[in-house]
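See below for work-v7.cif, which holds mmCIF, C-alpha atoms.
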data_target
#
loop_
_atom_site.label_atom_id
_atom_site.label_comp_id
_atom_site.auth_asym_id
_atom_site.auth_seq_id
_atom_site.Cartn_x
_atom_site.Cartn_y
_atom_site.Cartn_z
CA MET F 23 112.12 100.51 64.73
CA SER F 24 110.80 98.74 61.62
CA GLN F 25 110.15 95.13 62.61
CA ARG F 26 107.88 93.99 65.45
CA ILE F 27 109.64 93.07 68.69
CA ASP F 28 107.81 90.88 71.20
CA VAL F 29 108.43 91.27 74.92
CA ILE F 30 108.31 88.07 76.98
CA LYS F 31 106.96 89.10 80.38
CA ALA F 32 107.66 87.54 83.77
CA ARG F 33 109.75 84.72 82.25
CA GLY F 34 106.82 83.61 80.10
CA LYS F 35 104.34 83.40 82.97
CA ARG F 36 102.35 86.35 81.58
CA PRO F 37 101.27 86.81 77.94
CA SER F 38 103.88 88.50 75.77
CA GLU F 39 103.17 91.85 74.14
CA GLU F 40 104.65 94.14 71.51
CA PHE F 41 107.55 96.30 72.70
CA ASN F 42 106.28 99.80 73.44
CA PRO F 43 109.16 102.31 73.74
CA GLY F 44 106.69 104.88 75.12
CA LYS F 45 106.13 102.72 78.20
CA LEU F 46 109.86 102.51 78.82
CA LYS F 47 110.17 106.28 78.44
CA GLN F 48 107.38 106.86 80.96
CA SER F 49 109.03 104.55 83.51
CA ILE F 50 112.34 106.39 83.17
CA ILE F 51 110.65 109.78 83.49
CA ALA F 52 108.78 108.56 86.58
CA ALA F 53 112.01 107.25 88.16
CA CYS F 54 113.74 110.61 87.56
CA LEU F 55 110.78 112.68 88.77
CA SER F 56 110.42 110.59 91.92
CA LEU F 57 113.93 111.83 92.77
CA ARG F 58 112.74 115.39 92.20
CA ALA F 59 114.76 115.82 88.98
CA PRO F 60 113.56 118.74 86.80
CA GLU F 61 110.99 117.70 84.17
CA GLY F 62 113.18 118.81 81.24
CA GLN F 63 116.13 116.77 82.51
CA ALA F 64 113.89 113.72 83.10
CA GLU F 65 112.58 114.00 79.52
CA GLU F 66 116.10 114.29 78.06
CA ILE F 67 117.39 111.31 80.05
CA ALA F 68 114.35 109.22 79.07
CA GLN F 69 114.94 110.00 75.38
CA ALA F 70 118.59 108.96 75.67
CA VAL F 71 117.62 105.69 77.40
CA GLU F 72 114.87 104.98 74.85
CA LYS F 73 117.35 105.55 72.01
CA GLY F 74 119.93 103.28 73.64
CA VAL F 75 117.44 100.47 74.24
CA LEU F 76 116.10 100.72 70.67
CA ALA F 77 119.67 100.46 69.35
CA TRP F 78 120.22 97.38 71.52
CA CYS F 79 116.96 95.87 70.15
CA GLU F 80 118.09 96.15 66.51
CA GLY F 81 117.84 92.80 64.74
CA LYS F 82 116.02 91.09 67.61
CA SER F 83 112.49 89.74 67.25
CA GLU F 84 112.03 88.75 70.89
CA ILE F 85 113.31 90.24 74.13
CA THR F 86 112.34 89.80 77.78
CA SER F 87 111.05 92.45 80.20
CA ASP F 88 114.13 91.67 82.35
CA ASP F 89 116.33 92.57 79.32
CA ILE F 90 114.63 95.94 78.96
CA ARG F 91 115.07 96.71 82.66
CA ARG F 92 118.72 95.56 82.66
CA VAL F 93 119.73 97.44 79.51
CA GLY F 94 117.62 100.49 80.40
CA ALA F 95 119.15 100.64 83.90
CA ALA F 96 122.69 100.35 82.47
CA ILE F 97 122.10 103.31 80.14
CA LEU F 98 120.29 105.29 82.85
CA GLN F 99 123.24 104.69 85.18
CA LYS F 100 125.40 106.92 82.96
CA HIS F 101 122.91 109.79 83.22
CA HIS F 102 121.45 109.52 86.74
CA THR F 103 122.88 106.96 89.18
CA GLU F 104 120.13 107.21 91.79
CA ALA F 105 117.34 107.01 89.21
CA ALA F 106 119.01 103.89 87.77
CA TYR F 107 119.10 102.34 91.23
CA LEU F 108 115.43 103.13 91.80
CA TYR F 109 114.44 101.88 88.33
CA LYS F 110 116.25 98.58 88.95
CA GLN F 111 114.72 98.23 92.42
CA GLN F 112 111.10 98.87 91.42
CA LEU F 113 110.26 95.18 91.13
CA THR F 114 112.19 94.07 94.21
CA VAL F 115 110.94 96.56 96.80
CA LEU F 116 108.04 94.29 97.80
CA MET W 116 103.66 101.36 139.72
CA ASP W 117 104.01 97.75 140.73
CA LEU W 118 106.28 95.27 139.00
CA ALA W 119 103.44 93.41 137.24
CA LEU W 120 102.35 96.68 135.60
CA ILE W 121 105.90 97.51 134.49
CA SER W 122 106.33 93.99 133.15
CA SER W 123 103.08 94.23 131.13
CA PHE W 124 104.04 97.61 129.67
CA ALA W 125 107.52 96.29 128.86
CA ILE W 126 105.91 93.48 126.83
CA ILE W 127 103.57 95.93 125.07
CA VAL W 128 106.38 98.35 124.17
CA PHE W 129 108.75 95.59 123.04
CA SER W 130 106.00 93.91 120.95
CA GLY W 131 105.21 97.29 119.34
CA LEU W 132 108.87 97.77 118.46
CA ILE W 133 109.05 94.29 116.91
CA HIS W 134 105.90 95.09 114.90
CA ALA W 135 107.53 98.33 113.74
CA SER W 136 110.64 96.44 112.59
CA PHE W 137 108.63 94.46 110.03
CA GLN W 138 109.04 96.01 106.63
CA LEU W 139 106.02 95.32 104.42
CA SER W 140 104.11 98.52 105.22
CA VAL W 141 107.35 100.50 104.96
CA SER W 142 107.97 99.01 101.49
CA VAL W 143 104.44 99.85 100.35
CA LEU W 144 104.71 103.40 101.72
CA THR W 145 108.08 103.88 99.99
CA LEU W 146 106.58 102.65 96.70
CA LEU W 147 103.50 104.85 97.16
CA SER W 148 105.57 108.00 97.67
CA GLY W 149 107.84 107.07 94.73
CA HIS W 150 104.93 106.49 92.33
CA SER W 151 103.17 109.66 93.48
CA LEU W 152 106.27 111.83 92.99
CA GLY W 153 106.91 110.11 89.64
CA ARG W 154 103.43 111.23 88.48
CA LYS W 155 104.35 114.85 89.19
CA THR W 156 101.93 114.88 92.13
CA ALA W 157 102.20 118.04 94.25
CA HIS W 158 104.22 117.62 97.44
CA ARG W 159 101.22 118.46 99.59
CA LYS W 160 99.13 115.75 97.90
CA VAL W 161 101.94 113.19 98.30
CA MET W 162 101.97 113.97 102.01
CA ARG W 163 98.18 113.63 102.11
CA LEU W 164 98.35 110.20 100.45
CA MET W 165 101.05 109.07 102.87
CA ASN W 166 99.02 110.42 105.78
CA SER W 167 95.94 108.47 104.63
CA PHE W 168 98.04 105.33 104.19
CA ILE W 169 99.37 105.62 107.76
CA THR W 170 95.83 106.29 109.04
CA GLY W 171 94.67 103.08 107.31
CA VAL W 172 97.46 101.13 109.01
CA LEU W 173 96.64 102.81 112.35
CA VAL W 174 92.91 102.03 112.19
CA LEU W 175 93.37 98.37 111.29
CA THR W 176 96.16 97.85 113.83
CA LEU W 177 93.97 99.46 116.49
CA LEU W 178 90.99 97.26 115.55
CA LEU W 179 93.08 94.07 115.47
CA ILE W 180 94.86 94.62 118.78
CA SER W 181 91.54 95.61 120.42
CA ALA W 182 89.84 92.50 119.00
CA PHE W 183 92.66 90.21 120.16
CA ALA W 184 92.59 91.78 123.63
CA TYR W 185 88.80 91.42 123.81
CA TYR W 186 88.79 87.76 122.75
CA MET W 187 91.61 87.01 125.17
CA THR W 188 89.66 88.62 128.02
CA VAL W 189 86.66 86.47 127.16
CA PHE W 190 88.81 83.34 126.83
CA ILE W 191 91.01 83.79 129.91
CA ARG W 192 88.32 84.98 132.38
CA HIS W 193 90.76 85.37 135.30
CA SER W 194 91.78 81.73 135.22
CA ALA W 195 95.50 81.16 135.81
CA THR W 196 95.44 77.84 133.93
CA THR W 197 93.86 79.37 130.84
CA GLU W 198 96.28 82.30 130.95
CA GLN W 199 99.16 79.83 131.13
CA LEU W 200 97.75 77.94 128.16
CA VAL W 201 97.43 81.14 126.10
CA ALA W 202 100.91 82.26 127.18
CA ALA W 203 102.31 78.87 126.11
CA ILE W 204 100.68 79.19 122.66
CA VAL W 205 101.96 82.77 122.28
CA CYS W 206 105.46 81.65 123.34
CA GLY W 207 105.41 78.90 120.72
CA LEU W 208 104.23 81.31 118.04
CA LEU W 209 106.87 83.90 118.94
CA ALA W 210 109.69 81.34 118.95
CA GLY W 211 108.54 79.75 115.67
CA LEU W 212 108.14 83.11 113.99
CA GLY W 213 111.53 84.25 115.32
CA LEU W 214 113.25 81.27 113.71
CA ALA W 215 111.19 81.69 110.53
CA THR W 216 112.18 85.38 110.36
CA TRP W 217 115.85 84.42 110.62
CA ALA W 218 115.43 81.71 108.00
CA PHE W 219 113.37 83.40 105.30
CA TYR W 220 112.09 86.91 105.95
CA TYR W 221 113.76 88.39 102.88
CA ARG W 222 113.92 86.71 99.49
CA LYS W 223 117.35 85.92 98.08
CA GLY W 224 118.87 88.39 95.64
CA GLU W 225 118.94 92.15 95.29
CA GLY W 226 116.33 94.49 96.73
CA THR W 227 114.11 94.20 99.76
CA ALA W 228 111.59 91.66 98.39
CA LEU W 229 109.90 89.91 101.30
CA TRP W 230 108.78 86.36 101.79
CA LEU W 231 105.12 86.74 100.96
CA PRO W 232 103.03 85.11 98.22
CA ARG W 233 104.04 86.63 94.87
CA ASN W 234 100.39 87.15 93.89
CA MET W 235 99.90 89.24 97.00
CA ALA W 236 103.09 91.22 96.31
CA ARG W 237 102.00 91.85 92.70
CA TYR W 238 98.53 92.90 93.86
CA LEU W 239 99.92 95.35 96.44
CA SER W 240 102.41 96.66 93.90
CA SER W 241 99.73 97.29 91.25
CA ARG W 242 97.36 98.83 93.82
CA THR W 243 100.17 101.12 95.00
CA LYS W 244 100.72 102.29 91.44
CA ALA W 245 96.98 102.86 90.94
CA THR W 246 96.48 104.77 94.21
CA LYS W 247 95.65 108.39 93.43
CA ASN W 248 93.34 109.56 96.22
CA SER W 249 93.18 109.48 99.99
CA ALA W 250 90.46 106.81 100.23
CA GLU W 251 92.51 104.42 98.08
CA ALA W 252 95.62 105.15 100.17
CA PHE W 253 93.63 104.44 103.35
CA GLY W 254 92.49 101.08 101.92
CA LEU W 255 96.03 100.27 100.82
CA GLY W 256 97.29 100.90 104.35
CA ALA W 257 94.67 98.55 105.75
CA ALA W 258 95.48 95.91 103.08
CA SER W 259 99.18 96.06 103.89
CA VAL W 260 98.42 95.26 107.56
CA VAL W 261 96.43 92.21 106.43
CA ALA W 262 99.28 91.09 104.14
CA GLU W 263 101.73 91.49 107.02
CA LEU W 264 99.52 89.68 109.52
CA VAL W 265 101.44 86.41 109.20
CA PHE W 266 104.48 88.20 110.67
CA VAL W 267 102.83 90.59 113.13
CA LEU W 268 100.30 88.14 114.57
CA ALA W 269 102.64 86.81 117.27
CA PRO W 270 103.79 90.20 118.65
CA MET W 271 100.16 91.40 118.53
CA LEU W 272 99.00 88.39 120.54
CA ALA W 273 101.85 88.90 123.02
CA ALA W 274 100.80 92.53 123.48
CA ALA W 275 97.13 91.50 123.81
CA LEU W 276 98.10 88.99 126.51
CA ALA W 277 99.89 91.76 128.41
CA ILE W 278 97.01 94.22 127.87
CA VAL W 279 94.36 91.90 129.37
CA THR W 280 96.38 91.53 132.57
CA LEU W 281 96.55 95.31 133.10
CA PRO W 282 94.48 96.50 136.12
CA GLY W 283 91.43 98.36 134.82
CA VAL W 284 89.93 99.59 131.57
CA TRP W 285 91.93 102.85 131.36
CA TRP W 286 95.23 101.05 131.71
CA GLN W 287 94.10 98.63 129.02
CA ILE W 288 93.11 101.46 126.68
CA GLY W 289 96.51 103.04 127.40
CA GLY W 290 98.18 99.73 126.53
CA ILE W 291 96.30 99.48 123.22
CA ILE W 292 97.22 103.08 122.28
CA THR W 293 100.85 102.57 123.32
CA TYR W 294 101.16 99.44 121.17
CA THR W 295 99.51 101.07 118.14
CA VAL W 296 101.60 104.24 118.28
CA ILE W 297 104.90 102.37 118.74
CA SER W 298 104.07 99.96 115.88
CA LEU W 299 103.74 103.00 113.57
CA THR W 300 107.14 104.53 114.34
CA SER W 301 108.87 103.17 111.22
CA LEU W 302 106.08 104.52 108.98
CA LEU W 303 106.19 107.87 110.74
CA ALA W 304 109.96 107.97 110.16
CA VAL W 305 109.42 107.44 106.39
CA PHE W 306 106.69 110.12 106.43
CA VAL W 307 109.00 112.64 108.13
CA LEU W 308 111.97 111.80 105.87
CA VAL W 309 109.99 112.07 102.61
CA GLY W 310 108.26 115.21 103.91
CA GLY W 311 111.65 116.69 104.72
CA GLY W 312 112.78 116.20 101.12
CA HIS W 313 114.96 113.10 101.54
CA ARG W 314 115.37 111.07 98.37
CA ILE W 315 113.52 107.77 98.16
CA SER W 316 116.54 106.13 96.53
CA ARG W 317 118.62 106.88 99.66
CA LEU W 318 115.88 105.48 101.88
CA GLN W 319 115.63 102.32 99.79
CA ALA W 320 119.44 101.99 99.62
CA TRP W 321 119.62 102.22 103.44
CA ARG W 322 116.91 99.56 103.77
CA GLU W 323 118.67 97.27 101.32
CA LYS W 324 122.08 97.75 102.94
CA ASN W 325 120.74 96.99 106.41
CA LYS W 326 118.18 94.33 105.55
CA ARG W 327 120.16 91.42 107.06
CA PHE W 328 120.69 93.39 110.25
CA LEU W 329 116.97 94.22 110.46
CA GLN W 330 116.18 90.55 109.84
CA PHE W 331 118.57 89.47 112.61
CA VAL W 332 117.18 92.03 115.07
CA GLY W 333 113.55 91.16 114.21
CA GLY W 334 114.05 87.39 114.62
CA GLY W 335 116.23 87.78 117.71
CA SER W 336 113.74 90.13 119.37
CA LEU W 337 110.91 87.63 118.82
CA LEU W 338 112.98 84.91 120.51
CA ILE W 339 113.86 87.22 123.42
CA LEU W 340 110.18 88.13 123.84
CA ALA W 341 109.25 84.42 123.76
CA ALA W 342 111.80 83.71 126.50
CA TYR W 343 110.59 86.69 128.59
CA ILE W 344 106.93 85.67 128.34
CA PHE W 345 107.89 82.08 129.19
CA VAL W 346 109.57 83.21 132.40
CA ASP W 347 107.12 86.00 133.30
CA ARG W 348 103.79 84.46 132.29
CA LEU W 349 104.34 80.71 132.50
CA ILE W 350 106.87 80.10 135.27
CA GLY W 351 105.81 83.32 137.05
CA ILE W 352 102.15 82.29 137.22
CA SER W 353 103.09 78.77 138.37
CA LEU W 354 105.17 80.17 141.22
CA TYR W 355 103.10 83.15 142.39
CA GLY W 356 99.58 82.57 141.04
CA ALA W 357 97.60 84.78 138.69
CA PHE W 358 96.87 88.49 139.27
#
How does this structure look as C-alpha cells?
Amino acid sequence: MSQRIDVIKARGKRPSEEFNPGKLKQSIIAACLSLRAPEGQAEEIAQAVEKGVLAWCEGKSEITSDDIRRVGAAILQKHHTEAAYLYKQQLTVL
Amino acid sequence: MDLALISSFAIIVFSGLIHASFQLSVSVLTLLSGHSLGRKTAHRKVMRLMNSFITGVLVLTLLLISAFAYYMTVFIRHSATTEQLVAAIVCGLLAGLGLATWAFYYRKGEGTALWLPRNMARYLSSRTKATKNSAEAFGLGAASVVAELVFVLAPMLAAALAIVTLPGVWWQIGGIITYTVISLTSLLAVFVLVGGGHRISRLQAWREKNKRFLQFVGGGSLLILAAYIFVDRLIGISLYGAF
C-alpha cells in the first residue's frame, strides 16, 4: 500500500482516520478465535482477508468503515462462514 | 394456598418471564463472551467474566424489585383505593409498553440491534470490549439492567404490586427471589450454552432468526398481563374489596 487511504467512520459522524490493515487483521483473528478456531488458522485467514481488502483498496484515496466490513466479510465468507457472519453482526448485536 | 396467593405468584412468575424475554442483557453477554474468546482468554476466565456479569444483573434486579416493592408498600398502606390507582397505572404502563414492543423493539435491518439510544448502545459496546476483569463485568451487568429499564420497568412494577399483596414478610421475600431468579433464566441459558462449548455464531443466528417471534411474544405477554391485572386487581378489588 503506497498511497494514504482515509477511512470515513460512521458515515462521517466520527472523525476519519488513516486505514490501518493491522486493525482489520486483529478483528478477523478475534472473530475466528471467538469461534474457537485454531490460532494458526485464524492468522492465515486474517492474512488472506487483509490481502483481499488491500487489493480492493488499490487506487482509492477514501473508503468507509462500512466498505471495509462489507468487503472483509465477503472475503472471510470464503474461508470461514460462521466467522464472516459474526464479523458482519458485530455492530448490530446491540 | 388460597386463590389470592396463587394469583399473586402467577403475576410474579409471568412478569419474571417477560423480563427474561427482553434481549439487551443477553446481547451484552453474547458480545462479552465473544470478545473474551476473541482475545484468547482461557475458558475458565470467560466463564468467570460471564458469572460476574450475571451477578451484576442479579444484584441490581434484586435491589430494584425490592425498592419498588418497598415504595409500593409505603404508598399503598392497605388502602383499596390506592391499590386500585397503582394497579391502573401499572396496567396502562404494561399496555403501552406492549404496543411499543410490537411497534419498535428491534431496529430495522439485519442483526438484533435494539431500540435504545445509539450513544448508550455504543457505550455498552465499547465497555463490553474493554471488560477484562470480574469487577468490570459486574459493573457491565448492572449497567445493562439500567439501559434495559425502559422495557423492564412495567413488568417489575407489576411484580412489585403482586409482592406487596402477599401475606407476610417471608412470602414477600420468596416473591422477590422468585422474580429475580426467573428474570435471569435467559442469561443462565447463554451461560450454560457457552460453557458447554456452543458457538456464539449459532446463538446469535438463532436470536436473529427468531427475533420477530420473540418481539411478538414479549409484546403480547405484556398485553395479556395488563388484561389480567385489570381484571384481578382493578375489577377484583371493586367487587370483593382489598385483602
Practice prompt. Using only C-alpha atoms, find the one residue out of W:Ile121, W:Leu146, W:Ile292, W:Val128 that sits nearest to chain F.
Written response: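 Going through W:Ile121, W:Leu146, W:Ile292, W:Val128 one by one, the smallest distance to chain F is for W:Leu146.
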Item to complete: Please report as a PyMOL selection string which residues of chain F come no farther than 9 Å from chain W, using all atoms listed in the file.
Response: chain F and resi 49+51-58+61+104-105+107-108+110-116
Practice prompt. Would you please work out which residue, of F:Asp89, F:Val75, F:Ser38, F:His101, is nearest to Gln63 of chain F when using all atoms listed in the file?
Written response: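 For Gln63 of chain F, the nearest of the candidates is F:His101.
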Item to complete: Tell me which of W:Ala273, W:Leu308, W:Ala258, W:Leu281 sits closest to Ile133 of chain W, counting all atoms listed in the file.
Response: W:Ala273
Resolved residues for the PyMOL selection byres ((chain W and resi 293-301) around 9) as a compact mmCIF listing (two decimals) with C-alpha atoms, in the coordinates of the input:
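This went into part_28.txt:
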# COMPACT_ATOMS: atom_id res chain seq x y z
CA PHE W 124 104.04 97.61 129.67
CA ILE W 127 103.57 95.93 125.07
CA VAL W 128 106.38 98.35 124.17
CA PHE W 129 108.75 95.59 123.04
CA SER W 130 106.00 93.91 120.95
CA GLY W 131 105.21 97.29 119.34
CA LEU W 132 108.87 97.77 118.46
CA ILE W 133 109.05 94.29 116.91
CA HIS W 134 105.90 95.09 114.90
CA ALA W 135 107.53 98.33 113.74
CA SER W 136 110.64 96.44 112.59
CA PHE W 137 108.63 94.46 110.03
CA GLN W 138 109.04 96.01 106.63
CA SER W 140 104.11 98.52 105.22
CA VAL W 141 107.35 100.50 104.96
CA ILE W 169 99.37 105.62 107.76
CA VAL W 172 97.46 101.13 109.01
CA LEU W 173 96.64 102.81 112.35
CA VAL W 174 92.91 102.03 112.19
CA THR W 176 96.16 97.85 113.83
CA LEU W 177 93.97 99.46 116.49
CA ILE W 180 94.86 94.62 118.78
CA MET W 271 100.16 91.40 118.53
CA ALA W 274 100.80 92.53 123.48
CA ILE W 288 93.11 101.46 126.68
CA GLY W 289 96.51 103.04 127.40
CA GLY W 290 98.18 99.73 126.53
CA ILE W 291 96.30 99.48 123.22
CA ILE W 292 97.22 103.08 122.28
CA LEU W 302 106.08 104.52 108.98
CA LEU W 303 106.19 107.87 110.74
CA ALA W 304 109.96 107.97 110.16
CA VAL W 305 109.42 107.44 106.39
CA PHE W 306 106.69 110.12 106.43
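When all atoms listed in the file are used to measure the gap to Leu144 of chain W, the shortest distance among W:Ser122, W:Asn248, W:Ser259, W:Thr216 belongs to W:Ser259.
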Fill in: Answer key for the PyMOL selection byres ((chain F and resi 72) around 10), residues as a VMD selection string
chain F and resid 43 to 48 50 66 to 71 73 to 78 90 94 97 to 98
Fill in: For atom CA of Trp285 of chain W and atom CA of Ser181 of chain W, the interatomic separation in Å (one decimal)
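Distance between the two atoms: 13.1 Å.
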Item to complete: Go through the shown structure with the PyMOL selection byres ((chain F and resi 40) around 10) and write out the matching residues as a list in words.
Response: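 Matching residues under the PyMOL selection byres ((chain F and resi 40) around 10) are Arg26, Ile27, Asp28, Val29, Ile30, Ser38, Glu39, Phe41, Asn42, Pro43, Ser83, Glu84 and Ile85 of chain F.
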Mind dumping the selected residues with C-alpha atoms as a PDB file, keeping the file's coordinate frame?
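Okay, selection_28.pdb is ready:
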ATOM      1  CA  ARG F  26     107.880  93.990  65.450  1.00  0.00           C
ATOM      2  CA  ILE F  27     109.640  93.070  68.690  1.00  0.00           C
ATOM      3  CA  ASP F  28     107.810  90.880  71.200  1.00  0.00           C
ATOM      4  CA  VAL F  29     108.430  91.270  74.920  1.00  0.00           C
ATOM      5  CA  ILE F  30     108.310  88.070  76.980  1.00  0.00           C
ATOM      6  CA  SER F  38     103.880  88.500  75.770  1.00  0.00           C
ATOM      7  CA  GLU F  39     103.170  91.850  74.140  1.00  0.00           C
ATOM      8  CA  PHE F  41     107.550  96.300  72.700  1.00  0.00           C
ATOM      9  CA  ASN F  42     106.280  99.800  73.440  1.00  0.00           C
ATOM     10  CA  PRO F  43     109.160 102.310  73.740  1.00  0.00           C
ATOM     11  CA  SER F  83     112.490  89.740  67.250  1.00  0.00           C
ATOM     12  CA  GLU F  84     112.030  88.750  70.890  1.00  0.00           C
ATOM     13  CA  ILE F  85     113.310  90.240  74.130  1.00  0.00           C
TER      14      ILE F  85
END
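Of note, atom CA of Phe219 of chain W and atom CA of Gln330 of chain W are spaced 8.9 Å apart.
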Discussion item. Need the shell around Lys247 of chain W: protein/DNA/RNA residues with any atom at most 10 Å away, counting all atoms listed in the file. Skip same-chain ones fewer than 3 positions apart. Format as a list in words?
Written reply: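 After dropping sequence-adjacent residues, the list is Leu147, His150, Ser151, Arg154, Thr156, Lys160, Val161, Leu164, Arg242, Thr243, Lys244, Ala250, Glu251 and Ala252 of chain W.
Nearest residue to Arg36 of chain F among F:Ser87, F:Arg92, F:Lys82, F:His102 is F:Ser87, counting all atoms listed in the file.
Going from atom CA of Ala119 of chain W to atom CA of Gly207 of chain W covers 22.1 Å.
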Worksheet item: Within 8 Å of segment 332-338 of chain W, counting all atoms listed in the file, which residues qualify if same-chain residues fewer than 4 places away don't, as an NGL selection string?
Response: :W and (133 or 136-137 or 209-210 or 212-217 or 270 or 328 or 342)
Residue subset to file, keeping C-alpha atoms, as a short mmCIF file (atom, residue, chain, number, x, y, z; two decimals), keeping the file's coordinate frame:
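Everything below was put into part39.cif:
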data_model
loop_
_atom_site.label_atom_id
_atom_site.label_comp_id
_atom_site.auth_asym_id
_atom_site.auth_seq_id
_atom_site.Cartn_x
_atom_site.Cartn_y
_atom_site.Cartn_z
CA ILE W 133 109.05 94.29 116.91
CA SER W 136 110.64 96.44 112.59
CA PHE W 137 108.63 94.46 110.03
CA LEU W 209 106.87 83.90 118.94
CA ALA W 210 109.69 81.34 118.95
CA LEU W 212 108.14 83.11 113.99
CA GLY W 213 111.53 84.25 115.32
CA LEU W 214 113.25 81.27 113.71
CA ALA W 215 111.19 81.69 110.53
CA THR W 216 112.18 85.38 110.36
CA TRP W 217 115.85 84.42 110.62
CA PRO W 270 103.79 90.20 118.65
CA PHE W 328 120.69 93.39 110.25
CA ALA W 342 111.80 83.71 126.50
#
Discussion item. With only C-alpha atoms as the counted atoms, please give the residues lying no more than 8 Å from Arg348 of chain W, apart from itself and same-chain residues fewer than 4 positions off, as a list in words.
Written reply: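 Here the qualifying residues turn out to be Glu198, Gln199, Ala202, Ile344 and Ile352 of chain W.
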Box along x, y and z, 6 Å on every side, all listed atoms of segment 86-95 of chain F inside: centre and edge lengths in Å to one decimal, as JSON.
{"center_x": 115.4, "center_y": 95.2, "center_z": 80.8, "size_x": 20.7, "size_y": 22.8, "size_z": 18.1}
With N, CA and C atoms as the target, complete segment 315-332 of chain W and hand it back as a PDB file, in the frame of the given file.
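The result, stored in selection30.pdb:
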ATOM      1  N   ILE W 315     114.007 109.130  97.937  1.00  0.00           N
ATOM      2  CA  ILE W 315     113.520 107.770  98.160  1.00  0.00           C
ATOM      3  C   ILE W 315     114.609 106.746  97.862  1.00  0.00           C
ATOM      4  N   SER W 316     115.467 107.070  96.886  1.00  0.00           N
ATOM      5  CA  SER W 316     116.540 106.130  96.530  1.00  0.00           C
ATOM      6  C   SER W 316     117.472 105.911  97.720  1.00  0.00           C
ATOM      7  N   ARG W 317     117.737 106.995  98.486  1.00  0.00           N
ATOM      8  CA  ARG W 317     118.620 106.880  99.660  1.00  0.00           C
ATOM      9  C   ARG W 317     117.952 106.028 100.733  1.00  0.00           C
ATOM     10  N   LEU W 318     116.642 106.254 100.896  1.00  0.00           N
ATOM     11  CA  LEU W 318     115.880 105.480 101.880  1.00  0.00           C
ATOM     12  C   LEU W 318     115.935 103.986 101.539  1.00  0.00           C
ATOM     13  N   GLN W 319     115.651 103.700 100.259  1.00  0.00           N
ATOM     14  CA  GLN W 319     115.630 102.320  99.790  1.00  0.00           C
ATOM     15  C   GLN W 319     117.024 101.703  99.888  1.00  0.00           C
ATOM     16  N   ALA W 320     118.063 102.494  99.545  1.00  0.00           N
ATOM     17  CA  ALA W 320     119.440 101.990  99.620  1.00  0.00           C
ATOM     18  C   ALA W 320     119.797 101.648 101.070  1.00  0.00           C
ATOM     19  N   TRP W 321     119.354 102.491 102.020  1.00  0.00           N
ATOM     20  CA  TRP W 321     119.620 102.220 103.440  1.00  0.00           C
ATOM     21  C   TRP W 321     118.923 100.918 103.860  1.00  0.00           C
ATOM     22  N   ARG W 322     117.677 100.766 103.404  1.00  0.00           N
ATOM     23  CA  ARG W 322     116.910  99.560 103.770  1.00  0.00           C
ATOM     24  C   ARG W 322     117.572  98.320 103.191  1.00  0.00           C
ATOM     25  N   GLU W 323     118.044  98.432 101.952  1.00  0.00           N
ATOM     26  CA  GLU W 323     118.670  97.270 101.320  1.00  0.00           C
ATOM     27  C   GLU W 323     119.994  96.918 101.992  1.00  0.00           C
ATOM     28  N   LYS W 324     120.771  97.957 102.324  1.00  0.00           N
ATOM     29  CA  LYS W 324     122.080  97.750 102.940  1.00  0.00           C
ATOM     30  C   LYS W 324     121.942  97.092 104.313  1.00  0.00           C
ATOM     31  N   ASN W 325     120.891  97.464 105.031  1.00  0.00           N
ATOM     32  CA  ASN W 325     120.740  96.990 106.410  1.00  0.00           C
ATOM     33  C   ASN W 325     119.711  95.869 106.557  1.00  0.00           C
ATOM     34  N   LYS W 326     119.292  95.288 105.440  1.00  0.00           N
ATOM     35  CA  LYS W 326     118.180  94.330 105.550  1.00  0.00           C
ATOM     36  C   LYS W 326     118.544  93.092 106.383  1.00  0.00           C
ATOM     37  N   ARG W 327     119.778  92.600 106.272  1.00  0.00           N
ATOM     38  CA  ARG W 327     120.160  91.420 107.060  1.00  0.00           C
ATOM     39  C   ARG W 327     120.217  91.757 108.550  1.00  0.00           C
ATOM     40  N   PHE W 328     120.650  92.969 108.845  1.00  0.00           N
ATOM     41  CA  PHE W 328     120.690  93.390 110.250  1.00  0.00           C
ATOM     42  C   PHE W 328     119.265  93.484 110.816  1.00  0.00           C
ATOM     43  N   LEU W 329     118.364  94.096 110.017  1.00  0.00           N
ATOM     44  CA  LEU W 329     116.970  94.220 110.460  1.00  0.00           C
ATOM     45  C   LEU W 329     116.340  92.844 110.661  1.00  0.00           C
ATOM     46  N   GLN W 330     116.691  91.913 109.749  1.00  0.00           N
ATOM     47  CA  GLN W 330     116.180  90.550 109.840  1.00  0.00           C
ATOM     48  C   GLN W 330     116.675  89.871 111.125  1.00  0.00           C
ATOM     49  N   PHE W 331     117.979  90.068 111.410  1.00  0.00           N
ATOM     50  CA  PHE W 331     118.570  89.470 112.610  1.00  0.00           C
ATOM     51  C   PHE W 331     117.920  90.046 113.871  1.00  0.00           C
ATOM     52  N   VAL W 332     117.766  91.365 113.891  1.00  0.00           N
ATOM     53  CA  VAL W 332     117.180  92.030 115.070  1.00  0.00           C
ATOM     54  C   VAL W 332     115.721  91.603 115.252  1.00  0.00           C
TER      55      VAL W 332
END
